[in-house]
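Text of the file structure.pdb, holding PDB, C-alpha atoms:
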```
MODEL        1
ATOM      1  CA  MET A   1     122.864  57.653  74.596  1.00  0.00           C
ATOM      2  CA  ASN A   2     126.000  59.670  73.942  1.00  0.00           C
ATOM      3  CA  VAL A   3     129.390  58.274  73.009  1.00  0.00           C
ATOM      4  CA  LYS A   4     132.635  60.004  73.967  1.00  0.00           C
ATOM      5  CA  LEU A   5     135.385  58.892  71.605  1.00  0.00           C
ATOM      6  CA  PHE A   6     139.085  59.345  72.262  1.00  0.00           C
ATOM      7  CA  GLY A   7     141.586  60.649  69.733  1.00  0.00           C
ATOM      8  CA  LYS A   8     141.008  60.982  66.008  1.00  0.00           C
ATOM      9  CA  ARG A   9     138.086  58.619  65.639  1.00  0.00           C
ATOM     10  CA  VAL A  10     134.497  58.826  64.464  1.00  0.00           C
ATOM     11  CA  LEU A  11     131.463  56.581  64.663  1.00  0.00           C
ATOM     12  CA  VAL A  12     129.856  56.397  61.222  1.00  0.00           C
ATOM     13  CA  GLU A  13     126.346  55.072  60.628  1.00  0.00           C
ATOM     14  CA  PHE A  14     125.944  53.213  57.328  1.00  0.00           C
ATOM     15  CA  HIS A  15     124.059  55.270  54.764  1.00  0.00           C
ATOM     16  CA  ARG A  16     122.528  54.554  51.355  1.00  0.00           C
ATOM     17  CA  PRO A  17     121.762  57.851  49.584  1.00  0.00           C
ATOM     18  CA  LYS A  18     118.531  58.236  47.606  1.00  0.00           C
ATOM     19  CA  THR A  19     120.026  59.171  44.249  1.00  0.00           C
ATOM     20  CA  ASP A  20     120.294  57.733  40.764  1.00  0.00           C
ATOM     21  CA  SER A  21     124.064  58.253  40.874  1.00  0.00           C
ATOM     22  CA  LYS A  22     126.505  55.911  42.547  1.00  0.00           C
ATOM     23  CA  ILE A  23     130.198  55.479  43.239  1.00  0.00           C
ATOM     24  CA  ILE A  24     131.712  52.171  42.151  1.00  0.00           C
ATOM     25  CA  ILE A  25     135.058  50.746  43.187  1.00  0.00           C
ATOM     26  CA  PRO A  26     135.931  48.008  40.623  1.00  0.00           C
ATOM     27  CA  ASP A  27     136.309  44.393  41.779  1.00  0.00           C
ATOM     28  CA  VAL A  28     140.073  44.515  41.262  1.00  0.00           C
ATOM     29  CA  ALA A  29     140.283  47.191  43.950  1.00  0.00           C
ATOM     30  CA  GLN A  30     137.731  45.579  46.268  1.00  0.00           C
ATOM     31  CA  ASN A  31     140.050  42.593  46.669  1.00  0.00           C
ATOM     32  CA  ARG A  32     142.276  44.915  48.722  1.00  0.00           C
ATOM     33  CA  ASP A  33     140.048  47.623  50.129  1.00  0.00           C
ATOM     34  CA  SER A  34     136.519  48.718  49.488  1.00  0.00           C
ATOM     35  CA  HIS A  35     134.505  51.710  50.540  1.00  0.00           C
ATOM     36  CA  ARG A  36     131.162  52.556  52.095  1.00  0.00           C
ATOM     37  CA  LEU A  37     129.110  55.680  52.593  1.00  0.00           C
ATOM     38  CA  GLY A  38     128.018  56.745  56.053  1.00  0.00           C
ATOM     39  CA  ILE A  39     126.854  59.611  58.243  1.00  0.00           C
ATOM     40  CA  VAL A  40     129.157  60.843  60.992  1.00  0.00           C
ATOM     41  CA  ARG A  41     127.298  60.529  64.297  1.00  0.00           C
ATOM     42  CA  PHE A  42     130.017  60.847  66.962  1.00  0.00           C
ATOM     43  CA  ILE A  43     133.447  62.512  66.836  1.00  0.00           C
ATOM     44  CA  GLY A  44     136.524  61.917  69.015  1.00  0.00           C
ATOM     45  CA  ASP A  45     138.072  64.512  71.308  1.00  0.00           C
ATOM     46  CA  GLY A  46     141.062  64.965  68.984  1.00  0.00           C
ATOM     47  CA  ARG A  47     143.644  64.363  71.669  1.00  0.00           C
ATOM     48  CA  VAL A  48     146.770  62.800  70.173  1.00  0.00           C
ATOM     49  CA  LYS A  49     149.990  61.656  71.826  1.00  0.00           C
ATOM     50  CA  ASN A  50     152.762  64.285  71.909  1.00  0.00           C
ATOM     51  CA  LYS A  51     150.364  67.096  70.930  1.00  0.00           C
ATOM     52  CA  PRO A  52     149.412  69.481  73.758  1.00  0.00           C
ATOM     53  CA  GLU A  53     146.218  70.694  72.078  1.00  0.00           C
ATOM     54  CA  PRO A  54     143.394  68.663  70.489  1.00  0.00           C
ATOM     55  CA  VAL A  55     143.715  68.214  66.729  1.00  0.00           C
ATOM     56  CA  PRO A  56     140.694  69.675  64.873  1.00  0.00           C
ATOM     57  CA  SER A  57     138.432  67.100  63.266  1.00  0.00           C
ATOM     58  CA  LEU A  58     138.183  66.783  59.493  1.00  0.00           C
ATOM     59  CA  VAL A  59     134.408  66.406  59.730  1.00  0.00           C
ATOM     60  CA  LYS A  60     131.390  67.407  61.794  1.00  0.00           C
ATOM     61  CA  GLU A  61     128.394  65.430  63.010  1.00  0.00           C
ATOM     62  CA  GLY A  62     125.883  64.857  60.231  1.00  0.00           C
ATOM     63  CA  ASP A  63     128.461  64.853  57.403  1.00  0.00           C
ATOM     64  CA  VAL A  64     128.004  62.185  54.739  1.00  0.00           C
ATOM     65  CA  VAL A  65     131.392  60.597  54.114  1.00  0.00           C
ATOM     66  CA  MET A  66     133.031  57.896  52.017  1.00  0.00           C
ATOM     67  CA  PHE A  67     135.449  55.774  54.020  1.00  0.00           C
ATOM     68  CA  GLN A  68     137.883  52.906  53.577  1.00  0.00           C
ATOM     69  CA  LEU A  69     136.599  49.482  54.556  1.00  0.00           C
ATOM     70  CA  ASN A  70     138.024  45.970  54.350  1.00  0.00           C
ATOM     71  CA  GLY A  71     137.071  42.609  55.733  1.00  0.00           C
ATOM     72  CA  ILE A  72     139.165  42.903  58.893  1.00  0.00           C
ATOM     73  CA  MET A  73     137.763  46.350  59.708  1.00  0.00           C
ATOM     74  CA  GLU A  74     134.212  45.195  59.087  1.00  0.00           C
ATOM     75  CA  ALA A  75     134.694  42.219  61.420  1.00  0.00           C
ATOM     76  CA  THR A  76     136.478  44.041  64.260  1.00  0.00           C
ATOM     77  CA  GLN A  77     135.371  47.690  64.227  1.00  0.00           C
ATOM     78  CA  LYS A  78     131.584  47.403  64.295  1.00  0.00           C
ATOM     79  CA  PHE A  79     129.665  49.051  67.104  1.00  0.00           C
ATOM     80  CA  VAL A  80     125.950  48.668  67.848  1.00  0.00           C
ATOM     81  CA  LEU A  81     124.096  51.276  69.905  1.00  0.00           C
ATOM     82  CA  ASP A  82     120.331  51.489  70.395  1.00  0.00           C
ATOM     83  CA  GLY A  83     119.830  49.041  67.546  1.00  0.00           C
ATOM     84  CA  LYS A  84     121.861  51.104  65.049  1.00  0.00           C
ATOM     85  CA  HIS A  85     125.014  49.760  63.419  1.00  0.00           C
ATOM     86  CA  TYR A  86     128.111  51.954  63.257  1.00  0.00           C
ATOM     87  CA  MET A  87     131.685  51.637  62.109  1.00  0.00           C
ATOM     88  CA  ASN A  88     134.428  52.822  64.449  1.00  0.00           C
ATOM     89  CA  VAL A  89     136.671  54.584  61.925  1.00  0.00           C
ATOM     90  CA  VAL A  90     140.013  56.356  62.252  1.00  0.00           C
ATOM     91  CA  GLU A  91     139.779  59.767  60.581  1.00  0.00           C
ATOM     92  CA  ASP A  92     142.707  58.825  58.331  1.00  0.00           C
ATOM     93  CA  ASP A  93     140.350  56.314  56.659  1.00  0.00           C
ATOM     94  CA  LEU A  94     137.807  58.996  55.696  1.00  0.00           C
ATOM     95  CA  ILE A  95     138.306  59.509  51.962  1.00  0.00           C
ATOM     96  CA  ALA A  96     135.829  62.241  51.079  1.00  0.00           C
ATOM     97  CA  ARG A  97     132.813  64.218  52.195  1.00  0.00           C
ATOM     98  CA  ILE A  98     129.664  64.249  50.017  1.00  0.00           C
ATOM     99  CA  ASN A  99     128.239  67.771  49.913  1.00  0.00           C
ATOM    100  CA  GLY A 100     124.705  67.502  48.561  1.00  0.00           C
ATOM    101  CA  ASP A 101     122.259  64.781  47.626  1.00  0.00           C
ATOM    102  CA  ASP A 102     123.852  63.820  44.314  1.00  0.00           C
ATOM    103  CA  LEU A 103     126.947  61.633  44.034  1.00  0.00           C
ATOM    104  CA  SER A 104     128.935  63.770  41.608  1.00  0.00           C
ATOM    105  CA  VAL A 105     132.528  64.923  41.382  1.00  0.00           C
ATOM    106  CA  GLU A 106     131.301  68.469  42.053  1.00  0.00           C
ATOM    107  CA  ASN A 107     129.871  67.330  45.394  1.00  0.00           C
ATOM    108  CA  LEU A 108     132.938  65.284  46.322  1.00  0.00           C
ATOM    109  CA  GLU A 109     135.317  66.976  48.795  1.00  0.00           C
ATOM    110  CA  MET A 110     138.505  65.025  49.438  1.00  0.00           C
ATOM    111  CA  LEU A 111     139.501  64.747  53.105  1.00  0.00           C
ATOM    112  CA  GLY A 112     142.802  64.532  54.915  1.00  0.00           C
ATOM    113  CA  ASP A 113     145.717  63.177  52.901  1.00  0.00           C
ATOM    114  CA  TYR A 114     143.668  61.845  49.964  1.00  0.00           C
ATOM    115  CA  VAL A 115     144.114  63.061  46.383  1.00  0.00           C
ATOM    116  CA  LEU A 116     141.559  62.636  43.584  1.00  0.00           C
ATOM    117  CA  LEU A 117     143.090  62.026  40.149  1.00  0.00           C
ATOM    118  CA  LYS A 118     141.916  61.971  36.538  1.00  0.00           C
ATOM    119  CA  HIS A 119     143.843  60.093  33.862  1.00  0.00           C
ATOM    120  CA  PHE A 120     144.705  61.456  30.444  1.00  0.00           C
ATOM    121  CA  ILE A 121     146.731  60.455  27.390  1.00  0.00           C
ATOM    122  CA  ARG A 122     149.336  62.874  26.114  1.00  0.00           C
ATOM    123  CA  GLN A 123     149.000  63.474  22.402  1.00  0.00           C
ATOM    124  CA  GLN A 124     152.319  63.384  20.590  1.00  0.00           C
ATOM    125  CA  PRO A 125     152.951  66.086  17.976  1.00  0.00           C
ATOM    126  CA  GLY A 126     152.853  65.078  14.319  1.00  0.00           C
ATOM    127  CA  SER A 127     150.422  63.484  11.918  1.00  0.00           C
ATOM    128  CA  THR A 128     147.347  61.544  13.011  1.00  0.00           C
ATOM    129  CA  LEU A 129     146.622  57.984  11.862  1.00  0.00           C
ATOM    130  CA  PHE A 130     142.947  57.019  11.716  1.00  0.00           C
ATOM    131  CA  LEU A 131     142.268  53.349  12.405  1.00  0.00           C
ATOM    132  CA  PRO A 132     139.116  51.242  11.988  1.00  0.00           C
ATOM    133  CA  ASP A 133     136.985  50.898  15.137  1.00  0.00           C
ATOM    134  CA  SER A 134     138.064  47.258  15.580  1.00  0.00           C
ATOM    135  CA  ALA A 135     141.734  48.253  15.627  1.00  0.00           C
ATOM    136  CA  VAL A 136     141.102  51.128  18.014  1.00  0.00           C
ATOM    137  CA  ARG A 137     139.402  48.808  20.487  1.00  0.00           C
ATOM    138  CA  GLN A 138     142.406  46.490  20.438  1.00  0.00           C
ATOM    139  CA  SER A 139     144.969  49.270  20.806  1.00  0.00           C
ATOM    140  CA  ALA A 140     146.116  50.759  24.101  1.00  0.00           C
ATOM    141  CA  PRO A 141     148.210  53.804  25.006  1.00  0.00           C
ATOM    142  CA  ASP A 142     151.846  53.253  25.905  1.00  0.00           C
ATOM    143  CA  PHE A 143     151.437  55.226  29.111  1.00  0.00           C
ATOM    144  CA  ILE A 144     148.639  56.852  31.109  1.00  0.00           C
ATOM    145  CA  TYR A 145     149.180  60.154  32.898  1.00  0.00           C
ATOM    146  CA  PHE A 146     147.319  61.659  35.834  1.00  0.00           C
ATOM    147  CA  ARG A 147     146.248  65.151  36.838  1.00  0.00           C
ATOM    148  CA  CYS A 148     145.146  66.299  40.267  1.00  0.00           C
ATOM    149  CA  VAL A 149     141.413  66.985  40.393  1.00  0.00           C
ATOM    150  CA  GLN A 150     141.283  67.802  44.083  1.00  0.00           C
ATOM    151  CA  LYS A 151     143.417  67.301  47.178  1.00  0.00           C
ATOM    152  CA  GLY A 152     142.491  66.977  50.831  1.00  0.00           C
ATOM    153  CA  THR A 153     142.974  69.780  53.323  1.00  0.00           C
ATOM    154  CA  THR A 154     146.023  68.211  54.985  1.00  0.00           C
ATOM    155  CA  VAL A 155     147.924  67.522  51.745  1.00  0.00           C
ATOM    156  CA  ASP A 156     150.882  69.864  52.155  1.00  0.00           C
ATOM    157  CA  LEU A 157     152.798  68.963  48.979  1.00  0.00           C
ATOM    158  CA  PRO A 158     153.461  71.816  46.498  1.00  0.00           C
ATOM    159  CA  PHE A 159     151.012  70.981  43.714  1.00  0.00           C
ATOM    160  CA  SER A 160     147.612  72.353  42.719  1.00  0.00           C
ATOM    161  CA  ASN A 161     144.411  71.190  41.073  1.00  0.00           C
ATOM    162  CA  GLY A 162     145.075  70.583  37.385  1.00  0.00           C
ATOM    163  CA  ASP A 163     148.763  69.768  37.831  1.00  0.00           C
ATOM    164  CA  GLU A 164     150.189  66.622  36.249  1.00  0.00           C
ATOM    165  CA  LEU A 165     151.579  64.321  38.935  1.00  0.00           C
ATOM    166  CA  VAL A 166     154.109  61.521  39.190  1.00  0.00           C
ATOM    167  CA  VAL A 167     152.323  58.793  41.147  1.00  0.00           C
ATOM    168  CA  ASN A 168     152.887  55.241  42.347  1.00  0.00           C
ATOM    169  CA  PHE A 169     150.603  53.193  40.066  1.00  0.00           C
ATOM    170  CA  GLY A 170     150.467  50.328  42.533  1.00  0.00           C
ATOM    171  CA  ARG A 171     148.854  52.597  45.116  1.00  0.00           C
ATOM    172  CA  LEU A 172     146.042  53.989  42.965  1.00  0.00           C
ATOM    173  CA  THR A 173     142.458  52.928  43.641  1.00  0.00           C
ATOM    174  CA  PRO A 174     140.204  53.233  40.567  1.00  0.00           C
ATOM    175  CA  MET A 175     136.787  54.788  41.120  1.00  0.00           C
ATOM    176  CA  PHE A 176     133.797  55.285  38.821  1.00  0.00           C
ATOM    177  CA  ILE A 177     131.024  57.824  39.330  1.00  0.00           C
ATOM    178  CA  VAL A 178     127.974  56.526  37.458  1.00  0.00           C
ATOM    179  CA  LYS A 179     125.198  59.029  36.795  1.00  0.00           C
ATOM    180  CA  ARG A 180     121.805  58.007  35.429  1.00  0.00           C
ATOM    181  CA  LYS A 181     120.485  60.381  32.773  1.00  0.00           C
ATOM    182  CA  ALA A 182     116.864  61.358  32.139  1.00  0.00           C
ATOM    183  CA  ASP A 183     116.758  59.266  28.942  1.00  0.00           C
ATOM    184  CA  GLY A 184     117.655  56.111  30.883  1.00  0.00           C
ATOM    185  CA  THR A 185     121.279  55.924  29.791  1.00  0.00           C
ATOM    186  CA  SER A 186     124.238  56.221  32.148  1.00  0.00           C
ATOM    187  CA  GLU A 187     127.307  58.446  32.144  1.00  0.00           C
ATOM    188  CA  ASN A 188     130.423  56.792  33.572  1.00  0.00           C
ATOM    189  CA  LEU A 189     133.200  59.065  34.816  1.00  0.00           C
ATOM    190  CA  GLU A 190     136.479  57.357  35.667  1.00  0.00           C
ATOM    191  CA  PHE A 191     138.795  58.652  38.383  1.00  0.00           C
ATOM    192  CA  ALA A 192     141.342  57.280  40.832  1.00  0.00           C
ATOM    193  CA  TYR A 193     142.406  58.266  44.309  1.00  0.00           C
ATOM    194  CA  THR A 194     145.532  57.831  46.371  1.00  0.00           C
ATOM    195  CA  ARG A 195     147.215  59.220  49.483  1.00  0.00           C
ATOM    196  CA  LYS A 196     149.783  62.013  49.468  1.00  0.00           C
ATOM    197  CA  GLU A 197     152.664  59.666  50.369  1.00  0.00           C
ATOM    198  CA  TRP A 198     152.209  57.969  46.984  1.00  0.00           C
ATOM    199  CA  VAL A 199     152.500  61.222  45.039  1.00  0.00           C
ATOM    200  CA  ASP A 200     156.178  61.372  44.095  1.00  0.00           C
ATOM    201  CA  GLY A 201     156.371  64.594  42.100  1.00  0.00           C
ATOM    202  CA  VAL A 202     154.749  67.201  39.910  1.00  0.00           C
ATOM    203  CA  VAL A 203     155.465  67.852  36.215  1.00  0.00           C
ATOM    204  CA  GLU A 204     156.138  71.527  35.610  1.00  0.00           C
ATOM    205  CA  GLN A 205     154.930  73.046  32.356  1.00  0.00           C
ATOM    206  CA  ALA A 206     158.417  73.929  31.155  1.00  0.00           C
ATOM    207  CA  ASP A 207     159.414  70.264  31.428  1.00  0.00           C
ATOM    208  CA  VAL A 208     156.322  69.205  29.456  1.00  0.00           C
ATOM    209  CA  ASP A 209     157.168  71.673  26.699  1.00  0.00           C
ATOM    210  CA  ALA A 210     160.728  70.345  26.564  1.00  0.00           C
ATOM    211  CA  LEU A 211     159.467  66.761  26.212  1.00  0.00           C
ATOM    212  CA  GLN A 212     157.254  67.750  23.294  1.00  0.00           C
ATOM    213  CA  ALA A 213     159.947  69.812  21.542  1.00  0.00           C
TER     214      ALA A 213
ENDMDL
END
```

structure tokens encoding of this file:
Amino acid sequence: MNVKLFGKRVLVEFHRPKTDSKIIIPDVAQNRDSHRLGIVRFIGDGRVKNKPEPVPSLVKEGDVVMFQLNGIMEATQKFVLDGKHYMNVVEDDLIARINGDDLSVENLEMLGDYVLLKHFIRQQPGSTLFLPDSAVRQSAPDFIYFRCVQKGTTVDLPFSNGDELVVNFGRLTPMFIVKRKADGTSENLEFAYTRKEWVDGVVEQADVDALQA
């Protein structure tokens, strides 16, 4: 059977990739929204109110995508066809495309208005104080900063990959990419993502230099 969808929607079939890597959204984030991986099977016609021409889709059939999911969506937007279970997803809820078999940041392509961020701690100029390991574990930075790792194709704000951003902390979703190594250990890479409307500014290099002067 074929499905003809209207507007900016896709039918996504749930997918569990065969890889030792995985993407984890911490429990604190899952209380609001979670995520799933799926394969795009059907795409809407792109026709949107007040636009004379169809809007091009962010994805194509067969793409592996990560998408937003919460309890209400899971209960109300399921669709079963020929024994297969799909989610009826608005394209705005597609977070990223996975290009390749491995779940790595290199294979992650942000979609739409989503921005992938990496935190960092700004080192203050001056002398360095070395503390015992126990004290280091109990200490915490006064403030955490974020740089843009990658932005979606429809993010039209004037910042680039690598730029330091001013973001709304309450609208960040933490995300871990866990990669299993050959020796049996795991490498955990911590990121966060948000939407462009929660990016409030960019820190220009001259301003950073002035702060450190």

Legend entry - Separation of CA of Ile144 (chain A) from CA of Leu157 (chain A), in Å and rounded to one decimal: 22.0 Å

Legend entry - the PyMOL selection byres ((chain A and resi 189) around 7) applied to the shown file, residues as a ChimeraX atom specification: /A:176-178,187-188,190-191

Legend entry - Which residue of A:Arg195, A:Arg171, A:Arg97, A:Lys181 approaches Leu116 (chain A) most closely, using all atoms listed in the file: A:Arg195

Legend entry - Within 8 Å of file point (148.3, 56.9, 48.1), counting all atoms listed in the file, expressed as a ChimeraX atom specification: /A:114-115,168,171-172,193-199

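For the pair CA of Gln205 (chain A) and CA of Phe169 (chain A), the separation is 21.7 Å.
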
Inset, instruction - Take CA of Arg122 (chain A) and CA of Tyr145 (chain A) and report the distance between them in Å, one decimal. - result: 7.3 Å

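Nearest-residue note for Asp156 (chain A): choosing from A:Gly112, A:Gly7, A:Arg180, A:Leu69, the minimum distance belongs to A:Gly112, counting all atoms listed in the file.
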
Inset, instruction - With the file shown as input, list the residues that the PyMOL selection byres ((chain A and resi 22) around 12) selects, as an MDAnalysis selection string. - result: chainID A and resid 16:21 23:25 36:37 66 98 101:105 108 175:180 186:189

Inset, instruction - Name the closest residue to Ala96 (chain A) among the candidates A:Phe67, A:Phe14, A:Phe146, A:Phe159; distances are taken between atoms, counting all atoms listed in the file. - result: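 Selected residue with least distance to Ala96 (chain A): A:Phe67.
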
Inset, instruction - Could you tell me which of A:Val149, A:Thr76, A:Val90, A:Val59 comes closest to Leu111 (chain A) if we count only C-alpha atoms? - result: A:Val59
